[in-house]
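Participant: Have a look at this one before I ask anything.
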Amino acid sequence: MDAAIEVRGLFRHFGPVPAVDGIDLTVPRGSVYGFLGPNGSGKTTTIRLMLGLIRPERGSIKLFGGAPGSVDCLAQVGAVVEQPAFYPYLSAHENLRLFATLAGMPSTTGSAAADRALDVVGLSAVAGRRVDGFSTGMSQRLAMALALLRDPTLVILDEPTNGLDPGGVVEVRGLIAELARNGKTVFLSTHVLTEVEQLCDRVAVLQRGRLVADGLVRELLERGQRLAVAFDTAEQAEQAARVLDEAGLATEPVGDRANTLMVNFEPRSSSDINRLLAGQGLYPAELVVRRASLESVFLDLTEGV
Amino acid sequence: MGSLLRAEWLRIRRRWDVWIIVLGIPALALLAYATSAHSGGSFNVQTSGDVPPEFKQQIAAETAASLALNALPFQFPHSIVTMVQGSMPWLVLGSAFLSASLLGNEFTWGTIRNVVLIRPDRLRYLSTRLLTLGGLLLLTFGLVTVMGALAPVVLRVDPGDPSALSDPSVLGRIGNPVQPIGPVSPGGALTVAGSMLVVAVAGMALAGFAALKLRSAATAMLAAGIYAIAEGIVAALMMSRLPESLRFIPQMALTVRITSLIQDAQVAAGLAAPGGGPTNSVGWLSLPPAVGAAILAAWVVGLFGLWFVVLRRADINE
Ligand SMILES: Nc1ncnc2c1ncn2[C@@H]1O[C@H](COP(=O)(O)OP(=O)(O)OP(=O)(O)O)[C@@H](O)[C@H]1O
Ligand SMILES: [Mg+2]
């Protein structure tokens, strides 16, 4: 089965700076794929390239095996790209109906599709209002409605919860979760790390146009996890640090607790560590695997690279 | 194409600026026509004291001729030219504005992105927009022309005695008289009106190109205006400075071609004498009307072609 999105050696620069600098990415069908990166790292540029809005200088992109920006591909894709954009003098419903008409839907079908999409994003009550009076959050929801208008199989979302109130954020997350349950593929660019932890099964991290991590969210979090080893006395902890050092494992003391060590134990297991210490007559009082937060992993990956 | 056209209709039907232009221009033209028609039917000569009878006769002849001359523009089919001419500045500005606005706004609002994501065939989209603009311009121009044809029925101006114009005693004495003055044929009237439509189309092509290049309606209007003025100045300078053999260069300018197209059309219709108007400029080189029209056609087709070149591969960063 081919991938929903397949990107190879993608390169595009603006002026002297490469915005996207050799990206390889495979988004499997049915996955919810998180796309992380600091401001200006090239997320939106990558999305524009995927949608055929701009062209790459090098590299290739395939959406469902086809070229981006072809009618057949785009018919299966719904997208929110950066700022919402609508005809300000038309109502929310008229805007969606216009785009439905452009998509070739007959008038009644288009109108029904617009109604349905507005209902999904909770804008039914203001469907008849001109969009130039919409708040940031309302426009963002309308952008989401436009993305869903054609019941796409792939949804590409660039910071979809930007500007939404907490209720709206929860709603949009619910919407994304529902899309995933219905077997849609979601490509989600965001700054909100909890969003990725909650929703995504895979994630790619972008830094200055290059991927610095790419894989299952679970694996990324495991990579950052530590083992907290506590002893009865501080001397035992010191001895243990020496032993682990010799075995090539990085340790660090824990702030105010002299009897505890943090061990960067990947790729070994916690029982390996226990065995190693016991072999030297050191018996830990407590062994706890501390899961990393996505935030700490993200900051580790993107700081000072 | 059908769905693209239906979408165009959904787009423009609620745009009040579009309808103000399409309906406002005929309204302004009518106002200008009515005002001048009102004064067109009167002519007074004031005399004081006793006037010798032979002078009285001359005055009567000149008055009759002047009345007939002033009434000419308000007789069918000359009234079409009068009506279209009265609307011409608005027609050119209006069509440039429509084109700049309908193209530039898609970029300032960012809606071009949504459009391209649904209909990635940009050239077809642009063709539809061109069709819409052409339709709006034809509607406006058509209204003005029909009004010009019907106006003499409603706003009647007494034609007086047209034969007074050819009275040998008045030739060379009234108005702009050296040329033969007479009624215009319907074909002649439509030729002059058509030349003004072509000017509006050129304005549309130039402003639209600027809008696509600069991605903003307001900047495009400004740029197109500045271009037209600057080109006119440069062309005038070149005409007066260039040696004889290079005088054809300023004749290639868009604004020069536009003014001479209107002049050529008026000459063809018998409304202007050859050798008048812009051809009086220092260093002017008269081209055969067909050659002049062909150069202008190349400009218009070239500018419209550039629309497609610009949009075809443009980055949509909106
Ligand atoms: N049209 C453009 N012209 C010039 N530079 C651009 C253009 N688009 C993007 N860039 C540059 O490319 C880089 C990547 O921008 P991009 O918008 O893709 O970042 P991003 O990851 O989406 O950032 P953010 O999180 O702030 O949305 C930036 O340095 C930006 O200045
Ligand atoms: Mg961005």
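Ordering of the structure tokens sets the chain letters (A, B, ...); residue numbers start at 1 within each chain; ligands are numbered from 1 in the order shown.
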Hey, what does DSSP flag as alpha helix (DSSP H) within range 55-91 of chain B? Can you give it to me as a VMD selection string?
Facilitator: chain B and resid 55 to 71 78 to 91
Participant: Report as a compact mmCIF listing (two decimals) with all heavy atoms, in the first residue's frame: the residues of range 44-274 of chain A with a DSSP assignment of strand (DSSP E), based on the backbone of this structure.
Facilitator:
```
# COMPACT_ATOMS: atom_id res chain seq x y z
N ARG A 58 14.32 21.19 -5.90
CA ARG A 58 14.75 19.79 -6.07
C ARG A 58 13.85 18.91 -5.25
O ARG A 58 13.19 19.36 -4.32
CB ARG A 58 16.19 19.62 -5.55
CG ARG A 58 17.26 20.23 -6.42
CD ARG A 58 18.61 19.60 -6.11
NE ARG A 58 19.08 19.91 -4.77
CZ ARG A 58 19.69 21.06 -4.46
NH1 ARG A 58 19.86 21.99 -5.36
NH2 ARG A 58 20.10 21.28 -3.23
N GLY A 59 13.86 17.63 -5.59
CA GLY A 59 13.12 16.68 -4.78
C GLY A 59 11.75 16.39 -5.36
O GLY A 59 11.34 17.01 -6.34
N SER A 60 11.08 15.42 -4.75
CA SER A 60 9.78 15.02 -5.29
C SER A 60 8.77 14.87 -4.17
O SER A 60 9.12 14.61 -3.02
CB SER A 60 9.91 13.69 -6.03
OG SER A 60 10.16 12.66 -5.10
N ILE A 61 7.52 15.07 -4.52
CA ILE A 61 6.42 14.91 -3.57
C ILE A 61 5.36 14.08 -4.26
O ILE A 61 5.04 14.32 -5.42
CB ILE A 61 5.80 16.27 -3.21
CG1 ILE A 61 6.86 17.23 -2.70
CG2 ILE A 61 4.69 16.10 -2.18
CD1 ILE A 61 6.42 18.67 -2.70
N LYS A 62 4.84 13.11 -3.53
CA LYS A 62 3.70 12.36 -4.07
C LYS A 62 2.60 12.34 -3.03
O LYS A 62 2.83 12.02 -1.87
CB LYS A 62 4.13 10.92 -4.39
CG LYS A 62 5.09 10.84 -5.57
CD LYS A 62 4.73 9.66 -6.46
CE LYS A 62 5.44 9.74 -7.79
NZ LYS A 62 6.77 9.11 -7.73
N LEU A 63 1.39 12.69 -3.45
CA LEU A 63 0.23 12.54 -2.59
C LEU A 63 -0.59 11.40 -3.18
O LEU A 63 -1.01 11.49 -4.34
CB LEU A 63 -0.63 13.80 -2.57
CG LEU A 63 -0.01 15.11 -2.09
CD1 LEU A 63 -1.08 16.18 -1.95
CD2 LEU A 63 0.70 14.93 -0.77
N VAL A 77 -7.83 16.02 -0.85
CA VAL A 77 -7.10 16.73 0.21
C VAL A 77 -7.88 17.94 0.69
O VAL A 77 -8.43 18.71 -0.09
CB VAL A 77 -5.73 17.20 -0.33
CG1 VAL A 77 -4.97 17.94 0.75
CG2 VAL A 77 -4.92 16.02 -0.84
N GLY A 78 -7.94 18.09 2.00
CA GLY A 78 -8.47 19.32 2.59
C GLY A 78 -7.34 19.95 3.37
O GLY A 78 -6.55 19.25 3.99
N ALA A 79 -7.22 21.29 3.30
CA ALA A 79 -6.06 21.90 3.96
C ALA A 79 -6.41 23.20 4.65
O ALA A 79 -7.23 23.98 4.18
CB ALA A 79 -4.96 22.13 2.94
N VAL A 80 -5.76 23.42 5.79
CA VAL A 80 -5.75 24.73 6.44
C VAL A 80 -4.31 25.19 6.36
O VAL A 80 -3.41 24.52 6.87
CB VAL A 80 -6.18 24.63 7.92
CG1 VAL A 80 -5.94 25.95 8.63
CG2 VAL A 80 -7.63 24.23 8.02
N LEU A 154 -7.31 12.97 3.08
CA LEU A 154 -6.09 13.49 3.71
C LEU A 154 -6.35 14.93 4.13
O LEU A 154 -6.81 15.75 3.32
CB LEU A 154 -4.92 13.43 2.72
CG LEU A 154 -3.65 14.21 3.10
CD1 LEU A 154 -3.02 13.64 4.36
CD2 LEU A 154 -2.65 14.18 1.95
N VAL A 155 -6.10 15.20 5.41
CA VAL A 155 -6.31 16.55 5.90
C VAL A 155 -4.98 17.12 6.35
O VAL A 155 -4.31 16.54 7.20
CB VAL A 155 -7.32 16.57 7.08
CG1 VAL A 155 -7.66 17.99 7.46
CG2 VAL A 155 -8.58 15.81 6.71
N ILE A 156 -4.57 18.23 5.72
CA ILE A 156 -3.30 18.85 6.07
C ILE A 156 -3.61 20.12 6.85
O ILE A 156 -4.28 21.03 6.34
CB ILE A 156 -2.50 19.17 4.79
CG1 ILE A 156 -2.14 17.85 4.09
CG2 ILE A 156 -1.24 19.96 5.14
CD1 ILE A 156 -1.33 18.02 2.82
N LEU A 157 -3.17 20.17 8.09
CA LEU A 157 -3.55 21.28 8.96
C LEU A 157 -2.31 22.02 9.46
O LEU A 157 -1.44 21.43 10.08
CB LEU A 157 -4.36 20.76 10.15
CG LEU A 157 -5.62 19.96 9.80
CD1 LEU A 157 -6.20 19.30 11.05
CD2 LEU A 157 -6.65 20.87 9.15
N ASP A 158 -2.25 23.31 9.18
CA ASP A 158 -1.14 24.14 9.63
C ASP A 158 -1.62 25.00 10.79
O ASP A 158 -2.35 25.96 10.60
CB ASP A 158 -0.68 25.03 8.45
CG ASP A 158 0.64 25.72 8.73
OD1 ASP A 158 1.25 25.44 9.78
OD2 ASP A 158 1.06 26.54 7.90
N THR A 185 -6.26 10.35 6.95
CA THR A 185 -4.88 10.66 7.29
C THR A 185 -4.83 12.14 7.68
O THR A 185 -5.40 12.97 6.99
CB THR A 185 -3.97 10.42 6.08
OG1 THR A 185 -4.25 9.13 5.56
CG2 THR A 185 -2.51 10.53 6.46
N VAL A 186 -4.15 12.43 8.78
CA VAL A 186 -4.06 13.83 9.20
C VAL A 186 -2.59 14.21 9.31
O VAL A 186 -1.79 13.50 9.94
CB VAL A 186 -4.76 14.06 10.56
CG1 VAL A 186 -4.66 15.53 10.97
CG2 VAL A 186 -6.22 13.63 10.51
N PHE A 187 -2.22 15.31 8.68
CA PHE A 187 -0.87 15.84 8.78
C PHE A 187 -1.00 17.15 9.54
O PHE A 187 -1.59 18.11 9.05
CB PHE A 187 -0.27 16.06 7.39
CG PHE A 187 1.18 16.43 7.40
CD1 PHE A 187 2.16 15.46 7.59
CD2 PHE A 187 1.58 17.74 7.23
CE1 PHE A 187 3.50 15.79 7.60
CE2 PHE A 187 2.93 18.08 7.23
CZ PHE A 187 3.89 17.10 7.42
N LEU A 188 -0.46 17.20 10.75
CA LEU A 188 -0.77 18.29 11.66
C LEU A 188 0.49 19.05 12.05
O LEU A 188 1.33 18.54 12.79
CB LEU A 188 -1.44 17.70 12.92
CG LEU A 188 -1.70 18.62 14.09
CD1 LEU A 188 -2.75 19.66 13.74
CD2 LEU A 188 -2.15 17.82 15.31
N SER A 189 0.61 20.27 11.55
CA SER A 189 1.73 21.12 11.95
C SER A 189 1.27 21.97 13.12
O SER A 189 0.20 22.56 13.07
CB SER A 189 2.13 22.00 10.78
OG SER A 189 2.74 23.18 11.25
N ARG A 202 2.60 9.46 14.96
CA ARG A 202 3.95 9.70 14.44
C ARG A 202 4.26 11.18 14.48
O ARG A 202 3.36 12.01 14.48
CB ARG A 202 4.06 9.23 12.99
CG ARG A 202 4.12 7.75 12.85
CD ARG A 202 3.89 7.33 11.44
NE ARG A 202 3.97 5.89 11.36
CZ ARG A 202 5.11 5.24 11.18
NH1 ARG A 202 6.25 5.89 11.02
NH2 ARG A 202 5.13 3.92 11.16
N VAL A 203 5.55 11.48 14.46
CA VAL A 203 5.93 12.89 14.52
C VAL A 203 7.24 13.10 13.79
O VAL A 203 8.10 12.20 13.74
CB VAL A 203 6.04 13.37 15.99
CG1 VAL A 203 7.21 12.72 16.70
CG2 VAL A 203 6.15 14.89 16.08
N ALA A 204 7.37 14.27 13.15
CA ALA A 204 8.65 14.67 12.57
C ALA A 204 9.00 16.02 13.17
O ALA A 204 8.11 16.84 13.39
CB ALA A 204 8.54 14.78 11.06
N VAL A 205 10.27 16.22 13.46
CA VAL A 205 10.69 17.50 14.03
C VAL A 205 11.62 18.18 13.04
O VAL A 205 12.60 17.60 12.58
CB VAL A 205 11.38 17.31 15.39
CG1 VAL A 205 11.76 18.66 15.98
CG2 VAL A 205 10.47 16.55 16.35
N LEU A 206 11.27 19.42 12.74
CA LEU A 206 12.00 20.18 11.74
C LEU A 206 12.82 21.26 12.44
O LEU A 206 12.37 21.86 13.40
CB LEU A 206 10.98 20.85 10.82
CG LEU A 206 11.39 21.27 9.43
CD1 LEU A 206 11.91 20.09 8.65
CD2 LEU A 206 10.17 21.85 8.71
N GLN A 207 14.06 21.44 11.97
CA GLN A 207 14.89 22.49 12.53
C GLN A 207 15.68 23.10 11.38
O GLN A 207 16.42 22.41 10.71
CB GLN A 207 15.81 21.88 13.60
CG GLN A 207 16.98 22.73 14.01
CD GLN A 207 16.56 23.84 14.95
OE1 GLN A 207 15.39 24.08 15.17
NE2 GLN A 207 17.52 24.52 15.53
N ARG A 210 15.65 21.20 8.13
CA ARG A 210 16.05 19.80 8.10
C ARG A 210 15.30 19.01 9.16
O ARG A 210 15.00 19.55 10.23
CB ARG A 210 17.55 19.65 8.41
CG ARG A 210 18.44 20.21 7.35
CD ARG A 210 19.85 20.32 7.91
NE ARG A 210 20.72 20.98 6.96
CZ ARG A 210 21.48 20.32 6.10
NH1 ARG A 210 21.49 19.01 6.08
NH2 ARG A 210 22.24 20.99 5.26
N LEU A 211 15.07 17.72 8.89
CA LEU A 211 14.42 16.89 9.89
C LEU A 211 15.44 16.45 10.93
O LEU A 211 16.51 15.95 10.58
CB LEU A 211 13.81 15.65 9.23
CG LEU A 211 12.53 15.85 8.44
CD1 LEU A 211 11.97 14.49 8.03
CD2 LEU A 211 11.50 16.61 9.24
N VAL A 212 15.15 16.67 12.20
CA VAL A 212 16.06 16.21 13.24
C VAL A 212 15.50 15.00 13.97
O VAL A 212 16.20 14.37 14.76
CB VAL A 212 16.39 17.34 14.25
CG1 VAL A 212 17.29 18.37 13.60
CG2 VAL A 212 15.14 18.01 14.79
N ALA A 213 14.26 14.66 13.72
CA ALA A 213 13.69 13.44 14.28
C ALA A 213 12.48 13.08 13.44
O ALA A 213 11.84 13.95 12.86
CB ALA A 213 13.26 13.66 15.72
N ASP A 214 12.20 11.79 13.36
CA ASP A 214 11.09 11.34 12.54
C ASP A 214 10.76 9.92 12.96
O ASP A 214 11.61 9.04 12.89
CB ASP A 214 11.52 11.38 11.05
CG ASP A 214 10.43 10.86 10.14
OD1 ASP A 214 9.27 10.80 10.58
OD2 ASP A 214 10.75 10.54 8.98
N GLY A 215 9.57 9.68 13.45
CA GLY A 215 9.21 8.32 13.83
C GLY A 215 7.98 8.29 14.71
O GLY A 215 7.23 9.25 14.77
N LEU A 216 7.82 7.15 15.41
CA LEU A 216 6.67 7.02 16.29
C LEU A 216 6.84 7.93 17.50
O LEU A 216 7.93 8.06 18.03
CB LEU A 216 6.53 5.57 16.75
CG LEU A 216 6.21 4.56 15.65
CD1 LEU A 216 6.32 3.13 16.18
CD2 LEU A 216 4.81 4.82 15.09
N ARG A 226 14.72 8.55 31.29
CA ARG A 226 15.87 8.35 32.20
C ARG A 226 15.44 7.38 33.29
O ARG A 226 14.25 7.19 33.54
CB ARG A 226 16.24 9.67 32.88
CG ARG A 226 16.49 10.84 31.95
CD ARG A 226 17.98 10.95 31.65
NE ARG A 226 18.30 12.22 31.00
CZ ARG A 226 18.04 12.49 29.73
NH1 ARG A 226 17.41 11.61 28.98
NH2 ARG A 226 18.37 13.65 29.21
N LEU A 227 16.46 6.82 33.94
CA LEU A 227 16.19 5.94 35.08
C LEU A 227 16.65 6.65 36.34
O LEU A 227 17.81 7.07 36.43
CB LEU A 227 16.98 4.64 34.89
CG LEU A 227 16.65 3.49 35.82
CD1 LEU A 227 15.21 3.02 35.62
CD2 LEU A 227 17.62 2.34 35.60
N ALA A 228 15.73 6.82 37.29
CA ALA A 228 16.13 7.42 38.57
C ALA A 228 16.50 6.28 39.52
O ALA A 228 15.69 5.39 39.79
CB ALA A 228 14.97 8.25 39.13
N VAL A 229 17.78 6.27 39.99
CA VAL A 229 18.25 5.19 40.88
C VAL A 229 18.56 5.81 42.25
O VAL A 229 19.44 6.65 42.36
CB VAL A 229 19.53 4.53 40.31
CG1 VAL A 229 19.87 3.27 41.08
CG2 VAL A 229 19.36 4.22 38.83
N ALA A 230 17.80 5.37 43.26
CA ALA A 230 18.01 5.94 44.60
C ALA A 230 18.68 4.90 45.51
O ALA A 230 18.40 3.70 45.42
CB ALA A 230 16.67 6.36 45.19
N ALA A 250 25.93 7.44 30.83
CA ALA A 250 25.97 8.81 31.37
C ALA A 250 25.05 8.94 32.57
O ALA A 250 23.93 8.44 32.57
CB ALA A 250 25.55 9.80 30.29
N THR A 251 25.56 9.58 33.61
CA THR A 251 24.74 9.81 34.80
C THR A 251 24.80 11.28 35.15
O THR A 251 25.71 11.99 34.76
CB THR A 251 25.27 9.02 36.01
OG1 THR A 251 26.59 9.50 36.31
CG2 THR A 251 25.30 7.54 35.75
N GLU A 252 23.78 11.69 35.92
CA GLU A 252 23.85 13.05 36.45
C GLU A 252 23.19 13.06 37.82
O GLU A 252 22.23 12.30 38.07
CB GLU A 252 23.21 14.05 35.50
CG GLU A 252 21.84 13.64 34.99
CD GLU A 252 21.37 14.51 33.83
OE1 GLU A 252 20.99 15.66 34.10
OE2 GLU A 252 21.38 14.04 32.68
N PRO A 253 23.69 13.88 38.73
CA PRO A 253 23.09 13.95 40.06
C PRO A 253 21.74 14.64 40.00
O PRO A 253 21.45 15.35 39.04
CB PRO A 253 24.08 14.80 40.86
CG PRO A 253 24.83 15.59 39.85
CD PRO A 253 24.83 14.81 38.59
N VAL A 254 20.92 14.37 40.98
CA VAL A 254 19.61 15.02 41.02
C VAL A 254 19.65 16.12 42.06
O VAL A 254 19.79 15.84 43.25
CB VAL A 254 18.51 14.00 41.38
CG1 VAL A 254 17.16 14.70 41.48
CG2 VAL A 254 18.48 12.91 40.34
N ARG A 257 19.13 15.98 46.00
CA ARG A 257 19.12 14.65 46.62
C ARG A 257 20.40 13.90 46.26
O ARG A 257 20.55 13.34 45.19
CB ARG A 257 17.88 13.88 46.16
CG ARG A 257 16.60 14.49 46.76
CD ARG A 257 15.36 13.99 46.09
NE ARG A 257 15.25 12.54 46.19
CZ ARG A 257 14.39 11.84 45.48
NH1 ARG A 257 13.61 12.45 44.59
NH2 ARG A 257 14.31 10.54 45.62
N ALA A 258 21.34 13.89 47.22
CA ALA A 258 22.68 13.33 46.98
C ALA A 258 22.66 11.82 46.83
O ALA A 258 23.59 11.24 46.28
CB ALA A 258 23.61 13.72 48.13
N ASN A 259 21.56 11.15 47.28
CA ASN A 259 21.55 9.70 47.21
C ASN A 259 20.89 9.17 45.93
O ASN A 259 20.66 8.00 45.78
CB ASN A 259 20.83 9.13 48.44
CG ASN A 259 19.38 9.57 48.47
OD1 ASN A 259 19.02 10.58 47.88
ND2 ASN A 259 18.55 8.80 49.16
N THR A 260 20.57 10.10 45.00
CA THR A 260 19.87 9.67 43.78
C THR A 260 20.65 10.07 42.52
O THR A 260 21.26 11.13 42.48
CB THR A 260 18.46 10.29 43.73
OG1 THR A 260 17.81 10.02 44.96
CG2 THR A 260 17.66 9.71 42.58
N LEU A 261 20.61 9.15 41.54
CA LEU A 261 21.28 9.40 40.26
C LEU A 261 20.25 9.32 39.14
O LEU A 261 19.34 8.48 39.21
CB LEU A 261 22.30 8.30 39.98
CG LEU A 261 23.60 8.28 40.72
CD1 LEU A 261 24.34 7.00 40.33
CD2 LEU A 261 24.44 9.49 40.37
N MET A 262 20.44 10.15 38.09
CA MET A 262 19.64 9.97 36.89
C MET A 262 20.53 9.29 35.86
O MET A 262 21.63 9.76 35.59
CB MET A 262 19.19 11.32 36.33
CG MET A 262 18.12 11.99 37.16
SD MET A 262 16.67 10.95 37.30
CE MET A 262 15.65 11.73 36.12
N VAL A 263 20.05 8.20 35.28
CA VAL A 263 20.87 7.45 34.33
C VAL A 263 20.21 7.49 32.95
O VAL A 263 19.03 7.17 32.80
CB VAL A 263 21.02 5.98 34.77
CG1 VAL A 263 22.00 5.26 33.85
CG2 VAL A 263 21.46 5.91 36.22
N ASN A 264 21.02 7.88 32.00
CA ASN A 264 20.59 7.85 30.61
C ASN A 264 20.83 6.42 30.15
O ASN A 264 21.91 6.09 29.69
CB ASN A 264 21.48 8.83 29.84
CG ASN A 264 20.77 9.38 28.64
OD1 ASN A 264 19.80 8.77 28.16
ND2 ASN A 264 21.23 10.51 28.16
```
Participant: Considering only C-alpha atoms, extract the chain A residues located within 8 Å of chain B and return them as an MDAnalysis selection string.
Facilitator: chainID A and resid 48 51 53:55 69:71 74:75 84:90 94 98:99 101:105
Participant: Using C-alpha atoms, can you write the selected residues to a file as a PDB file, in the first residue's frame?
Facilitator:
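Result saved to selection_28.pdb:
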```pdb
ATOM      1  CA  ARG A  48       2.810  24.725   0.580  1.00  0.00           C
ATOM      2  CA  LEU A  51      -0.094  21.260  -1.860  1.00  0.00           C
ATOM      3  CA  LEU A  53       1.126  26.155  -4.055  1.00  0.00           C
ATOM      4  CA  ILE A  54       4.841  26.619  -4.564  1.00  0.00           C
ATOM      5  CA  ARG A  55       7.287  24.458  -6.460  1.00  0.00           C
ATOM      6  CA  GLY A  69      -1.364  20.295  -7.291  1.00  0.00           C
ATOM      7  CA  SER A  70      -3.100  17.904  -9.681  1.00  0.00           C
ATOM      8  CA  VAL A  71      -6.892  17.936  -9.728  1.00  0.00           C
ATOM      9  CA  LEU A  74      -6.348  17.835  -4.488  1.00  0.00           C
ATOM     10  CA  ALA A  75      -9.864  16.432  -4.652  1.00  0.00           C
ATOM     11  CA  PRO A  84      -7.758  31.823   6.995  1.00  0.00           C
ATOM     12  CA  ALA A  85      -8.644  33.545   3.703  1.00  0.00           C
ATOM     13  CA  PHE A  86     -12.197  34.307   2.612  1.00  0.00           C
ATOM     14  CA  TYR A  87     -14.225  36.821   0.617  1.00  0.00           C
ATOM     15  CA  PRO A  88     -14.943  39.396   3.335  1.00  0.00           C
ATOM     16  CA  TYR A  89     -18.195  40.664   1.809  1.00  0.00           C
ATOM     17  CA  LEU A  90     -19.773  37.206   1.667  1.00  0.00           C
ATOM     18  CA  GLU A  94     -21.846  31.935   0.741  1.00  0.00           C
ATOM     19  CA  LEU A  98     -18.707  29.459  -3.719  1.00  0.00           C
ATOM     20  CA  PHE A  99     -15.844  27.051  -3.113  1.00  0.00           C
ATOM     21  CA  THR A 101     -19.313  25.482  -6.784  1.00  0.00           C
ATOM     22  CA  LEU A 102     -15.680  25.845  -7.835  1.00  0.00           C
ATOM     23  CA  ALA A 103     -15.217  22.202  -6.891  1.00  0.00           C
ATOM     24  CA  GLY A 104     -17.923  21.371  -9.395  1.00  0.00           C
ATOM     25  CA  MET A 105     -20.713  20.551  -6.938  1.00  0.00           C
TER      26      MET A 105
END
```
Participant: Which residues of chain A have any atom within 10 Å of an atom in ligand 2 when counting only C-alpha atoms and all ligand atoms, and what is the closest pair of atoms for each, with the distance in Å to one decimal? Order the rows by chain and rising number and write it as CSV.
Facilitator:
```
residue,atom,partner,partner_atom_place_in_ligand_line,distance
A:Gly37,CA,ligand 2,1 (Mg),9.3
A:Pro38,CA,ligand 2,1 (Mg),9.2
A:Asn39,CA,ligand 2,1 (Mg),7.0
A:Gly40,CA,ligand 2,1 (Mg),6.9
A:Ser41,CA,ligand 2,1 (Mg),8.2
A:Gly42,CA,ligand 2,1 (Mg),7.0
A:Lys43,CA,ligand 2,1 (Mg),5.5
A:Thr44,CA,ligand 2,1 (Mg),4.1
A:Thr45,CA,ligand 2,1 (Mg),7.3
A:Thr46,CA,ligand 2,1 (Mg),9.2
A:Ile47,CA,ligand 2,1 (Mg),8.8
A:Arg48,CA,ligand 2,1 (Mg),9.9
A:Val81,CA,ligand 2,1 (Mg),8.0
A:Glu82,CA,ligand 2,1 (Mg),6.0
A:Gln83,CA,ligand 2,1 (Mg),9.2
A:Asp158,CA,ligand 2,1 (Mg),6.7
A:Glu159,CA,ligand 2,1 (Mg),7.4
A:Ser189,CA,ligand 2,1 (Mg),8.0
A:Thr190,CA,ligand 2,1 (Mg),8.4
A:His191,CA,ligand 2,1 (Mg),9.5
```
Participant: Report, in Å with one decimal, the straight-line distance from CA of Val192 in chain A to atom 17 (O, counted along the ligand's line) of ligand 1.
Facilitator: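 We find that CA of Val192 in chain A and atom 17 (O, counted along the ligand's line) of ligand 1 lie 16.4 Å from each other.
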Participant: What does the distance from CA of Ala193 in chain B to CA of Gln85 in chain B come to in Å, to one decimal?
Facilitator: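 Between these atoms lies a distance of 7.4 Å.
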Participant: Find the spatial neighbours of range 275-282 of chain A, counting only C-alpha atoms, within a cut-off of 9 Å - ignore same-chain residues fewer than 4 positions away - and output them as a list in words.
Facilitator: Phe231, Gln236, Ala237, Gln239, Ala240, Val243, Leu244, Ala247, Ser270 and Ser271 of chain A
Participant: Compare B:Ser185, B:Ser79, B:Ser36, B:Thr47 by their minimum atom-to-atom distance to Pro152 in chain B, counting only C-alpha atoms, and give me the closest one.
Facilitator: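 Looking only at the distances to Pro152 in chain B, the closest residue turns out to be B:Ser79.
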Participant: Determine, counting only C-alpha atoms, which protein, DNA and RNA residues have an atom within 9 Å of an atom of Met238 in chain B; residues of the same chain fewer than 4 positions away are not included. Present the result as a list in words.
Facilitator: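 Counting only the stated atoms, we get Ile233, Val234, Leu242, Leu246, Arg247, Ile249, Pro250 and Gly283 of chain B.
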Participant: Between A:Asp21, A:Glu6, A:Glu178, A:Asp115, which has the minimum distance to ligand 1 (counting only C-alpha atoms and all ligand atoms)?
Facilitator: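 Of A:Asp21, A:Glu6, A:Glu178, A:Asp115, the one nearest ligand 1 is A:Asp21, counting only C-alpha atoms and all ligand atoms.
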